[in-house]
Amino acid sequence: ALLGWTLGEFIGLIAGAGAGFYLTRMLSKRENAPNRIESAAVTRDTPVFIDLLAATLASGATMQSSLSAAANAMQESPIQTRLAPVLAAIELGADPRDAWSTLMDEPVLGQLAMSVMRSYDTGSGLEPVLVGIASEMRREHRSRVEVAARTAGVKAVIPLAVCFLPAFFALGVVPIVASLAASTGLIPE
């Protein structure tokens with residue numbers, strides 16, 4: 001109603017619909033925030049976990065003890081929660097390939113699971129592969145952060161325009177138009 005009164009009915013209707021769409025979109029993004037926060041933590045912490053796993057494997061420890069040590073080092077990280085079923089299955093004597101296969105659908109940990117399973121199948125060393133995976137994940141994360149930083153400036157323009165454009169018209173354009181209309185006699189003084 002306020003937009004309709006200040007901007008006119010049609011323009012107010014358009015502005016109200018745009019504001020409603022924008023608010024609906026912003027609220028739907030807020031609902032997904034916990035999932036995004038956990039996903040960001042997994043993306044951030046996975047290279048650290050992989051480096052820890054590679055270091056413990058390089059020291060001569062078994063996969064079970066390396067996985068246990070690396071997972072314990074990731075206290076209060078969602079990685080520890082996601083790796084708990086794998087570690088529990090291996091400790092109970094399950095085939096490591098079957099235990100790691102539960103992570104194949106994970107977007108971040110899936111590559112690690114596939115590499116570990118391939119190492120079990122071929123018998124090849126896992127440490128160099130893990131170091132490569134960790135560095136690749138860091139590179140990808142760095143590029144995503146750089147892109148997000150570049151787009152933040154562009155996304156900040158819309159709220160600024162919504163806030164300052166009406167004020168510009170009200171304080172800059174309307175007085176000039178009113179003054180011109182009064183000086184030409186279109187409206188009485």
# chains A, B, ... in the order shown; residues from 1 in each chain; ligands from 1

call {"tool": "select_by_dssp", "arguments": {"residues": "chain A", "states": "alpha helix (DSSP H)", "output": "PyMOL selection string"}}
result
chain A and resi 2-7+9-31+33-58+63-73+78-91+96-101+110-122+127-168+174-184

call {"tool": "residues_around", "arguments": {"residues": "Leu57 in chain A", "least_positions_apart": "2", "cutoff": "12 Å", "atoms": "only C-alpha atoms", "output": "JSON list (two decimals) with N, CA and C atoms, in the first residue's frame"}}
result
[["chain", "number", "residue", "atom", "x", "y", "z"],
["A", 50, "ILE", "N", 43.10, -35.45, 4.60],
["A", 50, "ILE", "CA", 43.84, -36.27, 3.64],
["A", 50, "ILE", "C", 45.35, -36.16, 3.89],
["A", 51, "ASP", "N", 45.82, -34.96, 4.19],
["A", 51, "ASP", "CA", 47.25, -34.80, 4.52],
["A", 51, "ASP", "C", 47.62, -35.60, 5.77],
["A", 52, "LEU", "N", 46.76, -35.57, 6.78],
["A", 52, "LEU", "CA", 47.01, -36.35, 8.00],
["A", 52, "LEU", "C", 47.02, -37.84, 7.70],
["A", 53, "LEU", "N", 46.09, -38.30, 6.89],
["A", 53, "LEU", "CA", 46.03, -39.71, 6.52],
["A", 53, "LEU", "C", 47.27, -40.12, 5.75],
["A", 54, "ALA", "N", 47.70, -39.27, 4.81],
["A", 54, "ALA", "CA", 48.91, -39.57, 4.02],
["A", 54, "ALA", "C", 50.14, -39.61, 4.91],
["A", 55, "ALA", "N", 50.24, -38.69, 5.86],
["A", 55, "ALA", "CA", 51.40, -38.65, 6.75],
["A", 55, "ALA", "C", 51.47, -39.89, 7.63],
["A", 59, "SER", "N", 54.28, -42.99, 7.52],
["A", 59, "SER", "CA", 55.09, -43.39, 8.68],
["A", 59, "SER", "C", 55.09, -44.90, 8.88],
["A", 60, "GLY", "N", 54.31, -45.62, 8.10],
["A", 60, "GLY", "CA", 54.31, -47.07, 8.18],
["A", 60, "GLY", "C", 53.13, -47.65, 8.92],
["A", 61, "ALA", "N", 52.19, -46.83, 9.33],
["A", 61, "ALA", "CA", 51.01, -47.31, 10.05],
["A", 61, "ALA", "C", 50.05, -48.00, 9.08],
["A", 62, "THR", "N", 49.22, -48.87, 9.62],
["A", 62, "THR", "CA", 48.22, -49.54, 8.79],
["A", 62, "THR", "C", 47.11, -48.56, 8.43],
["A", 63, "MET", "N", 46.29, -48.94, 7.47],
["A", 63, "MET", "CA", 45.18, -48.08, 7.06],
["A", 63, "MET", "C", 44.22, -47.86, 8.22],
["A", 64, "GLN", "N", 43.94, -48.91, 8.99],
["A", 64, "GLN", "CA", 43.01, -48.79, 10.10],
["A", 64, "GLN", "C", 43.53, -47.81, 11.15],
["A", 65, "SER", "N", 44.78, -47.96, 11.56],
["A", 65, "SER", "CA", 45.32, -47.04, 12.58],
["A", 65, "SER", "C", 45.51, -45.64, 12.02],
["A", 66, "SER", "N", 45.87, -45.53, 10.72],
["A", 66, "SER", "CA", 46.02, -44.21, 10.10],
["A", 66, "SER", "C", 44.68, -43.49, 10.03],
["A", 67, "LEU", "N", 43.65, -44.22, 9.63],
["A", 67, "LEU", "CA", 42.31, -43.64, 9.54],
["A", 67, "LEU", "C", 41.82, -43.22, 10.92],
["A", 68, "SER", "N", 42.06, -44.06, 11.91],
["A", 68, "SER", "CA", 41.64, -43.74, 13.28],
["A", 68, "SER", "C", 42.36, -42.49, 13.80],
["A", 69, "ALA", "N", 43.67, -42.42, 13.58],
["A", 69, "ALA", "CA", 44.44, -41.27, 14.07],
["A", 69, "ALA", "C", 44.03, -39.98, 13.35],
["A", 70, "ALA", "N", 43.87, -40.06, 12.04],
["A", 70, "ALA", "CA", 43.50, -38.86, 11.28],
["A", 70, "ALA", "C", 42.08, -38.40, 11.63],
["A", 116, "VAL", "N", 41.17, -44.80, -2.32],
["A", 116, "VAL", "CA", 41.50, -45.83, -1.34],
["A", 116, "VAL", "C", 41.08, -47.21, -1.85],
["A", 125, "GLY", "N", 50.80, -47.83, -3.88],
["A", 125, "GLY", "CA", 50.95, -46.91, -2.76],
["A", 125, "GLY", "C", 49.91, -45.80, -2.81],
["A", 126, "LEU", "N", 49.45, -45.42, -1.66],
["A", 126, "LEU", "CA", 48.36, -44.44, -1.60],
["A", 126, "LEU", "C", 48.85, -43.03, -1.25],
["A", 127, "GLU", "N", 50.00, -42.91, -0.61],
["A", 127, "GLU", "CA", 50.44, -41.61, -0.11],
["A", 127, "GLU", "C", 50.58, -40.56, -1.22],
["A", 128, "PRO", "N", 51.26, -40.84, -2.35],
["A", 128, "PRO", "CA", 51.38, -39.79, -3.38],
["A", 128, "PRO", "C", 50.03, -39.38, -3.97],
["A", 129, "VAL", "N", 49.14, -40.35, -4.09],
["A", 129, "VAL", "CA", 47.80, -40.05, -4.62],
["A", 129, "VAL", "C", 47.06, -39.14, -3.66],
["A", 130, "LEU", "N", 47.16, -39.42, -2.37],
["A", 130, "LEU", "CA", 46.48, -38.60, -1.37],
["A", 130, "LEU", "C", 47.00, -37.16, -1.35],
["A", 131, "VAL", "N", 48.31, -37.02, -1.47],
["A", 131, "VAL", "CA", 48.89, -35.67, -1.50],
["A", 131, "VAL", "C", 48.38, -34.90, -2.73]]

call {"tool": "atom_distance", "arguments": {"atom1": "CA of Ile79 in chain A", "atom2": "CA of Val42 in chain A"}}
result
5.9 Å

call {"tool": "residues_around", "arguments": {"residues": "Arg44 in chain A", "least_positions_apart": "4", "cutoff": "10 Å", "atoms": "only C-alpha atoms", "output": "list in words"}}
result
Glu38, Ser39, Ala40, Val48, Phe49, Ser77, Ile79, Val108, Met137, Arg138, His141 and Arg142 of chain A

call {"tool": "atom_distance", "arguments": {"atom1": "CA of Ile187 in chain A", "atom2": "CA of Phe169 in chain A"}}
result
19.3 Å

call {"tool": "closest_residue", "arguments": {"among": "A:Ile14, A:Thr43, A:Leu92, A:Ile37", "to": "Arg144 in chain A", "atoms": "only C-alpha atoms"}}
result
A:Thr43

call {"tool": "atom_distance", "arguments": {"atom1": "CA of Pro78 in chain A", "atom2": "CA of Ala41 in chain A"}}
result
6.9 Å
